[in-house]
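Enquirer: The file below is structure17.cif, mmCIF, C-alpha atoms:
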```
data_entry
#
loop_
_atom_site.label_atom_id
_atom_site.label_comp_id
_atom_site.auth_asym_id
_atom_site.auth_seq_id
_atom_site.Cartn_x
_atom_site.Cartn_y
_atom_site.Cartn_z
CA MET J 1048 0.89 -26.32 1.74
CA SER J 1049 -0.71 -23.55 -0.29
CA ALA J 1050 0.59 -21.00 2.22
CA VAL J 1051 4.17 -22.15 1.54
CA ILE J 1052 3.59 -21.99 -2.21
CA ASN J 1053 2.08 -18.50 -1.93
CA LEU J 1054 4.99 -17.38 0.23
CA TRP J 1055 7.43 -18.69 -2.39
CA THR J 1056 5.54 -16.82 -5.13
CA VAL J 1057 5.58 -13.58 -3.17
CA ILE J 1058 9.31 -13.90 -2.39
CA ALA J 1059 10.36 -14.86 -5.92
CA VAL J 1060 8.19 -12.31 -7.73
CA SER J 1061 9.31 -9.57 -5.33
CA GLY J 1062 12.92 -10.59 -5.98
CA GLY J 1063 12.22 -10.34 -9.70
CA ALA J 1064 10.69 -6.90 -9.22
CA VAL J 1065 13.84 -5.79 -7.37
CA PHE J 1066 15.95 -6.87 -10.34
CA PHE J 1067 13.66 -4.99 -12.72
CA LEU J 1068 13.88 -1.89 -10.54
CA ALA J 1069 17.67 -2.18 -10.30
CA GLY J 1070 17.92 -2.80 -14.04
CA THR J 1071 15.81 0.27 -14.79
CA THR J 1072 17.86 2.40 -12.40
CA GLY J 1073 21.03 1.16 -14.09
CA LEU J 1074 19.59 1.88 -17.52
CA LEU J 1075 18.92 5.47 -16.47
CA ARG J 1076 22.06 6.09 -14.39
CA PHE J 1077 24.96 4.12 -15.90
CA PRO J 1078 27.50 6.18 -17.83
CA ASP J 1079 27.86 4.36 -21.16
CA ALA J 1080 25.99 2.01 -23.46
CA PHE J 1081 27.86 -1.15 -22.45
CA THR J 1082 27.05 -0.84 -18.75
CA ARG J 1083 23.49 0.12 -19.64
CA LEU J 1084 23.17 -3.06 -21.71
CA HIS J 1085 24.49 -4.99 -18.74
CA ALA J 1086 21.82 -3.49 -16.48
CA LEU J 1087 19.11 -4.19 -19.04
CA THR J 1088 19.98 -7.85 -19.52
CA LYS J 1089 20.07 -8.40 -15.76
CA ALA J 1090 16.44 -7.30 -15.60
CA ASP J 1091 15.54 -9.61 -18.49
CA ASN J 1092 17.47 -12.67 -17.36
CA LEU J 1093 17.21 -12.67 -13.58
CA GLY J 1094 14.17 -10.45 -13.05
CA LEU J 1095 11.95 -12.28 -15.51
CA GLY J 1096 13.45 -15.60 -14.41
CA LEU J 1097 12.48 -15.02 -10.80
CA VAL J 1098 9.00 -13.87 -11.79
CA VAL J 1099 8.54 -17.03 -13.89
CA LEU J 1100 9.86 -19.28 -11.12
CA GLY J 1101 7.56 -17.56 -8.67
CA LEU J 1102 4.51 -18.01 -10.91
CA LEU J 1103 5.25 -21.64 -11.84
CA PRO J 1104 3.58 -23.24 -8.79
CA GLN J 1105 0.49 -21.07 -9.38
CA MET J 1106 -0.18 -22.54 -12.82
CA ASP J 1107 -3.20 -24.84 -13.22
CA SER J 1108 -1.65 -27.08 -15.84
CA VAL J 1109 1.74 -28.44 -16.83
CA SER J 1110 1.40 -26.97 -20.32
CA GLY J 1111 0.80 -23.52 -18.80
CA GLY J 1112 4.02 -23.85 -16.80
CA LEU J 1113 5.91 -25.02 -19.89
CA LYS J 1114 4.62 -21.97 -21.77
CA LEU J 1115 5.99 -19.72 -19.00
CA LEU J 1116 9.37 -21.44 -19.22
CA CYS J 1117 9.32 -21.09 -23.02
CA ILE J 1118 8.66 -17.36 -22.67
CA TRP J 1119 11.61 -17.03 -20.33
CA GLY J 1120 13.83 -18.99 -22.72
CA LEU J 1121 12.76 -16.89 -25.71
CA VAL J 1122 13.33 -13.64 -23.84
CA LEU J 1123 16.78 -14.88 -22.78
CA LEU J 1124 17.60 -15.69 -26.40
CA SER J 1125 16.33 -12.40 -27.82
CA GLY J 1126 17.86 -10.32 -25.02
CA ALA J 1127 21.26 -11.96 -25.42
CA THR J 1128 21.12 -11.54 -29.20
CA ALA J 1129 20.00 -7.93 -29.18
CA SER J 1130 22.57 -6.83 -26.61
CA GLN J 1131 25.34 -8.67 -28.49
CA LEU J 1132 24.35 -6.96 -31.74
CA ILE J 1133 24.15 -3.51 -30.13
CA ALA J 1134 27.47 -3.98 -28.33
CA ARG J 1135 29.22 -5.14 -31.51
CA ALA J 1136 27.85 -2.22 -33.48
CA LEU J 1137 29.16 0.11 -30.74
CA VAL J 1138 32.61 -1.51 -30.78
CA ARG J 1139 32.77 -1.20 -34.56
CA ARG J 1140 31.82 2.49 -34.34
CA ASP J 1141 34.47 3.13 -31.66
CA VAL J 1142 37.15 1.43 -33.76
CA GLN J 1143 36.27 3.58 -36.78
CA ARG J 1144 36.62 6.78 -34.83
CA MET H 1003 -5.96 -3.04 -7.04
CA SER H 1004 -6.65 -3.84 -10.68
CA ASP H 1005 -8.22 -0.40 -11.03
CA ALA H 1006 -4.93 1.17 -9.99
CA LEU H 1007 -3.11 -1.03 -12.53
CA ASN H 1008 -5.55 -0.07 -15.29
CA ILE H 1009 -5.27 3.63 -14.52
CA GLY H 1010 -1.48 3.35 -14.47
CA LEU H 1011 -1.57 1.54 -17.80
CA ALA H 1012 -3.85 4.17 -19.35
CA GLY H 1013 -1.60 6.93 -17.99
CA LEU H 1014 1.52 5.29 -19.47
CA ILE H 1015 -0.21 4.85 -22.83
CA LEU H 1016 -1.25 8.51 -22.92
CA GLY H 1017 2.24 9.60 -21.86
CA LEU H 1018 3.87 7.52 -24.61
CA ALA H 1019 1.39 8.86 -27.16
CA LEU H 1020 2.36 12.39 -26.13
CA TRP H 1021 6.04 11.45 -26.31
CA SER H 1022 5.63 10.12 -29.87
CA ILE H 1023 4.13 13.44 -30.91
CA VAL H 1024 6.52 15.84 -29.19
CA ALA H 1025 9.80 13.90 -29.60
CA ARG H 1026 12.13 15.99 -31.72
CA GLU H 1027 13.87 13.08 -33.47
CA ALA H 1028 11.91 10.72 -35.67
CA PHE H 1029 13.80 7.74 -34.23
CA ALA H 1030 12.84 8.61 -30.64
CA ALA H 1031 9.23 9.10 -31.74
CA VAL H 1032 9.21 5.66 -33.39
CA GLU H 1033 10.59 4.03 -30.25
CA GLY H 1034 7.86 5.68 -28.23
CA PHE H 1035 5.32 4.43 -30.75
CA MET H 1036 6.55 0.83 -30.47
CA ALA H 1037 6.40 0.90 -26.65
CA PHE H 1038 2.95 2.47 -27.05
CA GLY H 1039 1.94 -0.51 -29.20
CA LEU H 1040 3.12 -3.01 -26.59
CA LEU H 1041 1.23 -1.26 -23.80
CA LEU H 1042 -1.84 -1.00 -26.03
CA THR H 1043 -1.60 -4.78 -26.38
CA LEU H 1044 -1.83 -5.07 -22.59
CA ALA H 1045 -4.81 -2.72 -22.61
CA TRP H 1046 -6.61 -4.95 -25.14
CA VAL H 1047 -5.82 -7.99 -22.97
CA GLN H 1048 -7.39 -6.15 -20.02
CA LEU H 1049 -10.47 -5.51 -22.18
CA HIS H 1050 -10.57 -9.27 -23.04
CA GLY H 1051 -9.98 -8.50 -26.72
CA ILE H 1052 -7.30 -11.18 -27.13
CA ASP H 1053 -7.66 -11.26 -30.93
CA VAL H 1054 -7.15 -7.52 -31.16
CA ALA H 1055 -4.27 -7.73 -28.67
CA LEU H 1056 -2.51 -10.34 -30.80
CA THR H 1057 -3.00 -8.23 -33.91
CA GLU H 1058 -1.82 -5.08 -32.14
CA ALA H 1059 1.32 -6.84 -30.87
CA ALA H 1060 2.12 -8.42 -34.24
CA ILE H 1061 1.12 -5.73 -36.71
CA GLY H 1062 0.55 -2.49 -34.79
CA GLY H 1063 3.63 -2.57 -32.57
CA GLY H 1064 5.90 -5.06 -34.29
CA LEU H 1065 5.53 -4.80 -38.03
CA THR H 1066 4.55 -1.13 -38.26
CA GLY H 1067 7.30 -0.32 -35.75
CA ALA H 1068 9.87 -2.09 -37.91
CA LEU H 1069 8.60 -0.26 -41.01
CA LEU H 1070 8.81 3.08 -39.21
CA ILE H 1071 12.33 2.36 -37.91
CA GLY H 1072 13.38 1.73 -41.51
CA ALA H 1073 11.77 5.00 -42.58
CA ALA H 1074 13.31 6.97 -39.68
CA THR H 1075 16.78 5.59 -40.47
CA ARG H 1076 16.43 6.67 -44.09
CA LEU H 1077 15.19 10.11 -43.15
CA ARG H 1078 17.89 10.70 -40.55
CA SER H 1079 20.27 12.49 -42.92
CA THR H 1080 17.60 14.93 -44.05
CA GLU H 1081 15.95 15.41 -40.68
CA ALA H 1082 17.80 18.57 -39.60
CA ALA H 1083 17.05 20.27 -42.93
CA ALA H 1084 13.40 19.26 -42.76
CA ARG H 1085 13.08 20.71 -39.27
CA VAL H 1086 14.32 24.11 -40.43
CA GLU H 1087 11.72 24.20 -43.20
CA GLY H 1088 9.07 22.82 -40.87
CA PRO H 1089 5.75 24.53 -40.29
CA GLY H 1090 5.71 27.60 -38.08
CA ALA H 1091 4.09 28.04 -34.70
CA PRO H 1092 0.61 29.09 -36.03
CA THR H 1093 0.35 25.97 -38.20
CA ARG H 1094 1.45 23.76 -35.30
CA TRP H 1095 -1.07 25.29 -32.93
CA LEU H 1096 -3.76 24.95 -35.58
CA ALA H 1097 -2.87 21.28 -36.05
CA ALA H 1098 -2.89 20.73 -32.29
CA GLY H 1099 -6.27 22.47 -32.01
CA VAL H 1100 -7.81 20.36 -34.78
CA SER H 1101 -6.42 17.16 -33.22
CA VAL H 1102 -7.79 18.05 -29.80
CA ALA H 1103 -11.17 18.93 -31.34
CA VAL H 1104 -11.35 15.59 -33.17
CA THR H 1105 -10.38 13.72 -29.99
CA ALA H 1106 -12.96 15.64 -27.98
CA ALA H 1107 -15.67 14.95 -30.58
CA LEU H 1108 -14.82 11.24 -30.50
CA ALA H 1109 -14.83 11.22 -26.70
CA VAL H 1110 -18.23 12.93 -26.62
CA GLY H 1111 -19.51 10.45 -29.20
CA VAL H 1112 -18.34 7.46 -27.17
CA LEU H 1113 -19.60 8.83 -23.88
CA ALA H 1114 -22.98 9.76 -25.39
CA LEU H 1115 -23.68 6.18 -26.47
CA PRO H 1116 -26.75 4.75 -24.77
CA VAL H 1117 -26.19 2.14 -22.07
CA PRO H 1118 -26.03 -0.67 -23.03
CA ALA H 1119 -24.29 0.41 -26.23
CA PRO H 1120 -25.87 -0.73 -29.52
CA THR H 1121 -24.31 -4.06 -30.40
CA LEU H 1122 -24.57 -6.81 -32.96
CA ALA H 1123 -22.98 -9.31 -30.59
CA PRO H 1124 -26.25 -11.18 -29.85
CA ASP H 1125 -26.86 -11.56 -33.61
CA VAL H 1126 -23.37 -12.96 -34.08
CA ALA H 1127 -23.83 -15.32 -31.13
CA ALA H 1128 -27.18 -16.47 -32.55
CA HIS H 1129 -25.82 -17.24 -36.02
CA ILE H 1130 -22.27 -18.37 -35.32
CA ALA H 1131 -23.30 -22.03 -35.53
CA VAL H 1132 -24.10 -21.55 -39.24
CA THR H 1133 -20.45 -20.79 -40.02
CA GLY H 1134 -19.03 -23.81 -38.20
CA VAL H 1135 -16.22 -21.81 -36.60
CA GLY H 1136 -16.02 -21.36 -32.84
CA ASN H 1137 -14.24 -18.01 -32.57
CA PRO H 1138 -16.79 -15.19 -33.03
CA ILE H 1139 -14.05 -12.83 -34.29
CA THR H 1140 -13.17 -15.27 -37.07
CA ALA H 1141 -16.87 -15.72 -37.85
CA VAL H 1142 -17.28 -11.96 -38.23
CA LEU H 1143 -14.07 -11.50 -40.24
CA LEU H 1144 -14.59 -14.38 -42.66
CA ALA H 1145 -18.35 -14.88 -42.82
CA PHE H 1146 -20.46 -11.92 -41.70
CA ARG H 1147 -17.99 -9.25 -42.82
CA ALA H 1148 -15.91 -11.23 -45.31
CA MET H 1149 -15.90 -8.26 -47.69
CA ASP H 1150 -13.81 -6.22 -45.24
CA THR H 1151 -11.23 -8.97 -44.95
CA LEU H 1152 -11.08 -9.39 -48.73
CA LEU H 1153 -10.50 -5.66 -49.20
CA GLU H 1154 -7.85 -5.70 -46.43
CA ALA H 1155 -5.89 -8.40 -48.26
CA ILE H 1156 -6.17 -6.48 -51.53
CA VAL H 1157 -5.10 -3.22 -49.86
CA LEU H 1158 -1.98 -4.97 -48.55
CA LEU H 1159 -1.21 -6.20 -52.06
CA PHE H 1160 -1.58 -2.65 -53.39
CA ALA H 1161 0.71 -1.41 -50.63
CA LEU H 1162 3.38 -3.88 -51.72
CA ILE H 1163 2.97 -2.74 -55.34
CA GLY H 1164 3.37 0.82 -54.05
CA VAL H 1165 6.63 -0.11 -52.31
CA TRP H 1166 7.90 -1.87 -55.41
CA SER H 1167 7.03 1.07 -57.63
CA LEU H 1168 9.69 3.09 -55.81
CA ALA H 1169 12.32 0.97 -57.56
CA PRO H 1170 14.53 2.71 -60.12
CA ASP H 1171 13.89 1.45 -63.68
CA ARG H 1172 17.17 -0.41 -63.98
CA PHE H 1173 16.43 -2.52 -60.90
CA TRP H 1174 12.85 -3.40 -61.84
CA GLY H 1175 12.34 -7.13 -61.49
CA GLY H 1176 15.44 -7.43 -59.33
CA ARG H 1177 15.98 -8.49 -55.76
CA PRO H 1178 14.52 -6.21 -53.07
CA GLY H 1179 16.73 -4.67 -50.41
CA LEU H 1180 20.50 -4.78 -50.15
CA ARG H 1181 22.48 -7.98 -49.89
CA GLN H 1182 22.96 -8.63 -46.18
CA GLN H 1183 26.51 -9.21 -45.07
CA ALA H 1184 26.43 -10.89 -41.69
CA ASP H 1185 29.10 -12.99 -40.00
CA PRO H 1186 28.12 -16.60 -40.83
CA ASN H 1187 29.33 -17.68 -37.38
CA GLY H 1188 27.93 -14.64 -35.59
CA ILE H 1189 25.14 -14.42 -33.08
CA LEU H 1190 22.60 -13.24 -35.66
CA ALA H 1191 23.20 -16.27 -37.86
CA TYR H 1192 22.91 -18.46 -34.77
CA VAL H 1193 19.54 -16.99 -33.81
CA ALA H 1194 18.40 -17.17 -37.42
CA ARG H 1195 19.02 -20.93 -37.22
CA VAL H 1196 17.56 -21.53 -33.74
CA LEU H 1197 14.51 -19.28 -33.71
CA PRO H 1198 12.68 -19.98 -37.03
CA PRO H 1199 11.64 -23.57 -36.15
CA ILE H 1200 10.04 -22.23 -32.95
CA GLY H 1201 8.55 -19.18 -34.67
CA VAL H 1202 7.17 -21.16 -37.61
CA ILE H 1203 5.45 -23.64 -35.28
CA ALA H 1204 4.04 -20.77 -33.22
CA GLY H 1205 2.89 -19.03 -36.42
CA ILE H 1206 1.14 -22.14 -37.77
CA TYR H 1207 -0.38 -22.77 -34.34
CA ILE H 1208 -1.78 -19.22 -34.09
CA PHE H 1209 -3.07 -19.54 -37.65
CA TRP H 1210 -4.69 -22.94 -36.99
CA VAL H 1211 -6.37 -22.18 -33.65
CA GLY H 1212 -7.88 -19.01 -35.19
CA ALA H 1213 -11.02 -20.99 -36.08
CA ASP H 1214 -11.96 -21.61 -32.46
CA HIS H 1215 -9.64 -19.49 -30.30
CA PRO H 1216 -7.95 -16.10 -30.52
CA GLY H 1217 -5.54 -16.07 -33.43
CA GLY H 1218 -5.74 -16.17 -37.18
CA LYS H 1219 -3.98 -15.76 -40.45
CA PHE H 1220 -2.86 -12.15 -39.99
CA GLN H 1221 -1.11 -12.79 -36.67
CA GLY H 1222 0.30 -16.12 -37.85
CA ALA H 1223 1.48 -14.63 -41.14
CA THR H 1224 3.22 -11.78 -39.30
CA LEU H 1225 5.18 -14.29 -37.21
CA MET H 1226 6.12 -16.30 -40.31
CA ALA H 1227 7.17 -13.11 -42.10
CA ALA H 1228 9.29 -12.12 -39.09
CA MET H 1229 11.08 -15.48 -39.18
CA TRP H 1230 11.67 -15.11 -42.92
CA LEU H 1231 13.06 -11.59 -42.38
CA LEU H 1232 15.37 -12.90 -39.65
CA VAL H 1233 16.79 -15.51 -42.01
CA MET H 1234 17.24 -12.85 -44.71
CA MET H 1235 18.84 -10.35 -42.32
CA ALA H 1236 21.34 -12.97 -41.16
CA GLY H 1237 22.34 -13.49 -44.78
CA LEU H 1238 21.30 -17.16 -44.71
CA ALA H 1239 18.85 -16.70 -47.58
CA ASP H 1240 18.35 -13.97 -50.15
CA ALA H 1241 15.12 -12.25 -51.06
CA PRO H 1242 13.65 -13.56 -54.32
CA PRO H 1243 13.72 -11.30 -57.40
CA ILE H 1244 10.31 -9.72 -57.68
CA SER H 1245 9.98 -10.88 -61.29
CA ARG H 1246 9.75 -14.54 -60.26
CA THR H 1247 6.57 -16.15 -61.55
CA TRP H 1248 6.02 -18.32 -58.44
CA LEU H 1249 6.24 -15.23 -56.28
CA ARG H 1250 3.70 -13.31 -58.36
CA ILE H 1251 1.34 -16.30 -58.37
CA LEU H 1252 1.52 -16.72 -54.59
CA LEU H 1253 1.01 -12.99 -54.07
CA VAL H 1254 -2.29 -12.94 -55.95
CA ALA H 1255 -3.41 -16.48 -55.05
CA GLY H 1256 -4.99 -15.52 -51.70
CA PRO H 1257 -7.22 -12.68 -52.91
CA LEU H 1258 -8.06 -14.59 -56.13
CA VAL H 1259 -9.23 -17.67 -54.22
CA PHE H 1260 -11.24 -15.39 -51.93
CA ILE H 1261 -12.87 -13.63 -54.89
CA ALA H 1262 -13.51 -16.93 -56.70
CA ILE H 1263 -15.31 -18.37 -53.67
CA GLY H 1264 -17.24 -15.10 -53.40
CA VAL H 1265 -18.34 -15.30 -57.04
CA VAL H 1266 -19.38 -18.94 -56.62
CA GLY H 1267 -21.49 -17.68 -53.73
CA VAL H 1268 -23.49 -15.52 -56.17
CA VAL H 1269 -24.67 -18.68 -57.92
CA THR H 1270 -24.98 -21.10 -55.00
CA ALA H 1271 -26.05 -18.82 -52.15
CA ASP H 1272 -27.56 -15.78 -53.89
CA ALA H 1273 -24.99 -13.23 -52.72
CA PHE H 1274 -21.36 -12.31 -53.34
CA LEU H 1275 -19.19 -13.89 -50.61
CA ALA H 1276 -22.12 -15.85 -49.21
CA TYR H 1277 -21.29 -19.46 -48.41
CA PRO H 1278 -23.70 -22.28 -49.28
CA PRO H 1279 -25.16 -23.68 -46.07
CA GLY H 1280 -23.33 -26.63 -44.61
CA ILE H 1281 -19.93 -26.07 -46.21
CA ALA H 1282 -19.16 -22.64 -44.74
CA LYS H 1283 -16.39 -23.96 -42.49
CA PRO H 1284 -14.47 -25.80 -45.27
CA LEU H 1285 -14.72 -22.73 -47.52
CA ILE H 1286 -13.46 -20.48 -44.73
CA LEU H 1287 -10.54 -22.87 -44.23
CA VAL H 1288 -9.73 -22.82 -47.95
CA ILE H 1289 -9.69 -19.01 -47.89
CA GLU H 1290 -7.50 -18.95 -44.78
CA PHE H 1291 -5.05 -21.45 -46.27
CA ALA H 1292 -4.86 -19.48 -49.52
CA LEU H 1293 -4.38 -16.15 -47.74
CA MET H 1294 -1.68 -17.37 -45.33
CA PRO H 1295 1.27 -17.61 -47.83
CA THR H 1296 0.08 -14.47 -49.61
CA LEU H 1297 0.05 -12.45 -46.39
CA THR H 1298 3.39 -13.88 -45.23
CA LEU H 1299 5.04 -12.89 -48.51
CA ILE H 1300 3.41 -9.45 -48.64
CA LEU H 1301 4.32 -8.54 -45.05
CA GLY H 1302 7.89 -9.82 -45.40
CA LEU H 1303 8.53 -8.19 -48.78
CA MET H 1304 7.00 -4.90 -47.64
CA LEU H 1305 9.64 -4.68 -44.91
CA VAL H 1306 12.49 -5.63 -47.23
CA GLY H 1307 11.53 -2.71 -49.45
CA ALA H 1308 11.88 -1.78 -53.11
CA PRO H 1309 14.20 -3.66 -55.48
CA GLN H 1310 17.72 -2.26 -55.20
CA ARG H 1311 19.69 -4.80 -57.22
CA GLY H 1312 19.51 -5.88 -60.84
CA PRO H 1313 17.40 -8.84 -61.94
CA LEU H 1314 20.50 -10.81 -62.87
CA PRO H 1315 22.98 -11.89 -60.20
#
```
Go ahead and render the structure in this file as structure tokens.
Expert:
Amino acid sequence: MSAVINLWTVIAVSGGAVFFLAGTTGLLRFPDAFTRLHALTKADNLGLGLVVLGLLPQMDSVSGGLKLLCIWGLVLLSGATASQLIARALVRRDVQR
Amino acid sequence: MSDALNIGLAGLILGLALWSIVAREAFAAVEGFMAFGLLLTLAWVQLHGIDVALTEAAIGGGLTGALLIGAATRLRSTEAAARVEGPGAPTRWLAAGVSVAVTAALAVGVLALPVPAPTLAPDVAAHIAVTGVGNPITAVLLAFRAMDTLLEAIVLLFALIGVWSLAPDRFWGGRPGLRQQADPNGILAYVARVLPPIGVIAGIYIFWVGADHPGGKFQGATLMAAMWLLVMMAGLADAPPISRTWLRILLVAGPLVFIAIGVVGVVTADAFLAYPPGIAKPLILVIEFALMPTLTLILGLMLVGAPQRGPLP
């Protein structure tokens, strides 16, 4: 049983790492701020999500797992907010030009 | 494996430190500094200094970073002019040389320490039971070295007075910062409604567990101040005019309670800031509870800045 759980952790965390790598590449390579924001939020949402899902079965206690999920939720909230604010500020600047 | 991680972490921290120094724009340097703070937090976690890590994350990276971003934004218009008048190459090289010399001296000092390094940890461990608190860091900060904590709180108060004293005469006693105009149905207002209940609970929790686990009033107060700032930035609440009596009372309440308990200690326990045996824990709690609102207000108001609007609406 523990082998299956460990396999799941390895697969999910590796998947998360791939999203972080892709997000970082996008952040460095994409041409404008909107696409860069898109790349960044993918790393936050999916990358961190997969890492959290992968680590969940490794937690000793239910409260530890809930804390992990809370962290994911809070990062989702802050990432979505920050990218919205940045994107709106960019749109406003483009309109003024 | 963990060695490789630690070396990578140390390398990243050094790289970001270098970036903060050599970055040409103040804004880029500040961003490097904030990332530096976050990685330093991880380094403290690796060193099992969870209390320090929490403080570094809350105050070193978060609050100081926010203060510096504000400063960099203000300086942006004058930055190009300042660079032209900046110090010449000899001064820069001299500064670099002095910095390297200081770093080298510190490194030699640390490396020359005898093994095991001189430590007061056994003394703390032997006497922690007297204080009634379970977290040795809290015992040191509020019992064995309470004077340092008292002075820290007073220094913060002075810093806030320093920020306020930048106010033009006509705005003295007025509301700090500019009135925030945010879309009441926008995303910022939404977050400012959703996040504070979570943040306030987390802040109180960190404050409360400080007696026995990593945490404490400084970290908790920073979280509370951040939530307050979020509400203010979203335009849901306005900063209070700095002439308000309740505000002034709360600002001095923490240090005054601390000093009062310290003076009582002169009579009851023969030394300033000494606690009478048996009631150390309740007294420490009273001090923590008195300092919490004071620190929250000071940290929040320091970020909002000097009064920029008249005392009357």
Enquirer: I need the output of the PyMOL selection byres ((chain H) within 10 of (chain J)) for this file as a list in words; which residues are they?
Expert: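 Listing what the PyMOL selection byres ((chain H) within 10 of (chain J)) selects in the shown file: Gly1188, Ile1189, Leu1190, Tyr1192, Val1193, Val1196, Leu1197 and Ile1200 of chain H.
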Enquirer: Output C-alpha atoms of each residue in that selection to a file, as a short mmCIF file (atom, residue, chain, number, x, y, z; two decimals), keeping the file's coordinate frame.
Expert:
```cif
data_model
loop_
_atom_site.label_atom_id
_atom_site.label_comp_id
_atom_site.auth_asym_id
_atom_site.auth_seq_id
_atom_site.Cartn_x
_atom_site.Cartn_y
_atom_site.Cartn_z
CA GLY H 1188 27.93 -14.64 -35.59
CA ILE H 1189 25.14 -14.42 -33.08
CA LEU H 1190 22.60 -13.24 -35.66
CA TYR H 1192 22.91 -18.46 -34.77
CA VAL H 1193 19.54 -16.99 -33.81
CA VAL H 1196 17.56 -21.53 -33.74
CA LEU H 1197 14.51 -19.28 -33.71
CA ILE H 1200 10.04 -22.23 -32.95
#
```
Enquirer: At what distance in Å, to one decimal, does CA of Val1032 (chain H) lie from CA of Ala1073 (chain H)?
Expert: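 These two atoms are separated by 9.6 Å.
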Enquirer: Pull out every residue that the PyMOL selection byres ((chain H and resi 1198) around 12) matches in the shown coordinates and put them as a ChimeraX atom specification.
Expert: /J:1121 /H:1191-1197,1199-1206,1225-1234,1236,1238
Enquirer: Take the PyMOL selection byres ((chain H and resi 1305-1309) around 7), run it mentally on this structure, and tell me the resulting residues as an mmCIF file with C-alpha atoms, keeping the file's coordinate frame.
Expert:
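To be explicit, this is the file written out as out-v4.cif:
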```cif
data_model
loop_
_atom_site.group_PDB
_atom_site.id
_atom_site.type_symbol
_atom_site.label_atom_id
_atom_site.label_comp_id
_atom_site.auth_asym_id
_atom_site.auth_seq_id
_atom_site.Cartn_x
_atom_site.Cartn_y
_atom_site.Cartn_z
ATOM 1 C CA LEU H 1069 8.600 -0.260 -41.010
ATOM 2 C CA VAL H 1165 6.630 -0.110 -52.310
ATOM 3 C CA TRP H 1166 7.900 -1.870 -55.410
ATOM 4 C CA LEU H 1168 9.690 3.090 -55.810
ATOM 5 C CA ALA H 1169 12.320 0.970 -57.560
ATOM 6 C CA PHE H 1173 16.430 -2.520 -60.900
ATOM 7 C CA TRP H 1174 12.850 -3.400 -61.840
ATOM 8 C CA GLY H 1176 15.440 -7.430 -59.330
ATOM 9 C CA ARG H 1177 15.980 -8.490 -55.760
ATOM 10 C CA PRO H 1178 14.520 -6.210 -53.070
ATOM 11 C CA GLY H 1179 16.730 -4.670 -50.410
ATOM 12 C CA LEU H 1301 4.320 -8.540 -45.050
ATOM 13 C CA GLY H 1302 7.890 -9.820 -45.400
ATOM 14 C CA LEU H 1303 8.530 -8.190 -48.780
ATOM 15 C CA MET H 1304 7.000 -4.900 -47.640
ATOM 16 C CA GLN H 1310 17.720 -2.260 -55.200
ATOM 17 C CA ARG H 1311 19.690 -4.800 -57.220
#
```
Enquirer: Just the residues within 12 Å of Val1057 (chain J), please, counting only C-alpha atoms, with nothing from its chain fewer than 3 positions along; format it as a PyMOL selection string.
Expert: chain J and resi 1050-1054+1060-1064+1097-1105
Enquirer: Between CA of His1050 (chain H) and CA of Tyr1207 (chain H), what distance in Å does the model show, to one decimal?
Expert: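 Between these atoms lies a distance of 20.3 Å.
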Enquirer: Go through H:Ala1068, H:Ala1282, H:Ala1127, H:Val1254 and flag the residue nearest Glu1033 (chain H), using only C-alpha atoms for the distances.
Expert: H:Ala1068
Enquirer: Interatomic distance between CA of Gly1039 (chain H) and CA of Asp1053 (chain H)?
Expert: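 These two atoms are separated by 14.5 Å.
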Enquirer: List as a compact mmCIF listing (two decimals) with C-alpha atoms, in the coordinates of the input: which residues have an atom within 6 Å of (16.0, -9.7, -58.0), counting only C-alpha atoms?
Expert:
```txt
# COMPACT_ATOMS: atom_id res chain seq x y z
CA GLY H 1175 12.34 -7.13 -61.49
CA GLY H 1176 15.44 -7.43 -59.33
CA ARG H 1177 15.98 -8.49 -55.76
CA PRO H 1242 13.65 -13.56 -54.32
CA PRO H 1243 13.72 -11.30 -57.40
CA ILE H 1244 10.31 -9.72 -57.68
CA GLY H 1312 19.51 -5.88 -60.84
CA PRO H 1313 17.40 -8.84 -61.94
```
Enquirer: What residues have an atom no more than 12 Å from (-2.4, -19.2, -51.7) in the file's own frame, counting all atoms listed in the file, and can you write them as a PyMOL selection string?
Expert: chain H and resi 1155+1219+1248-1260+1287-1300
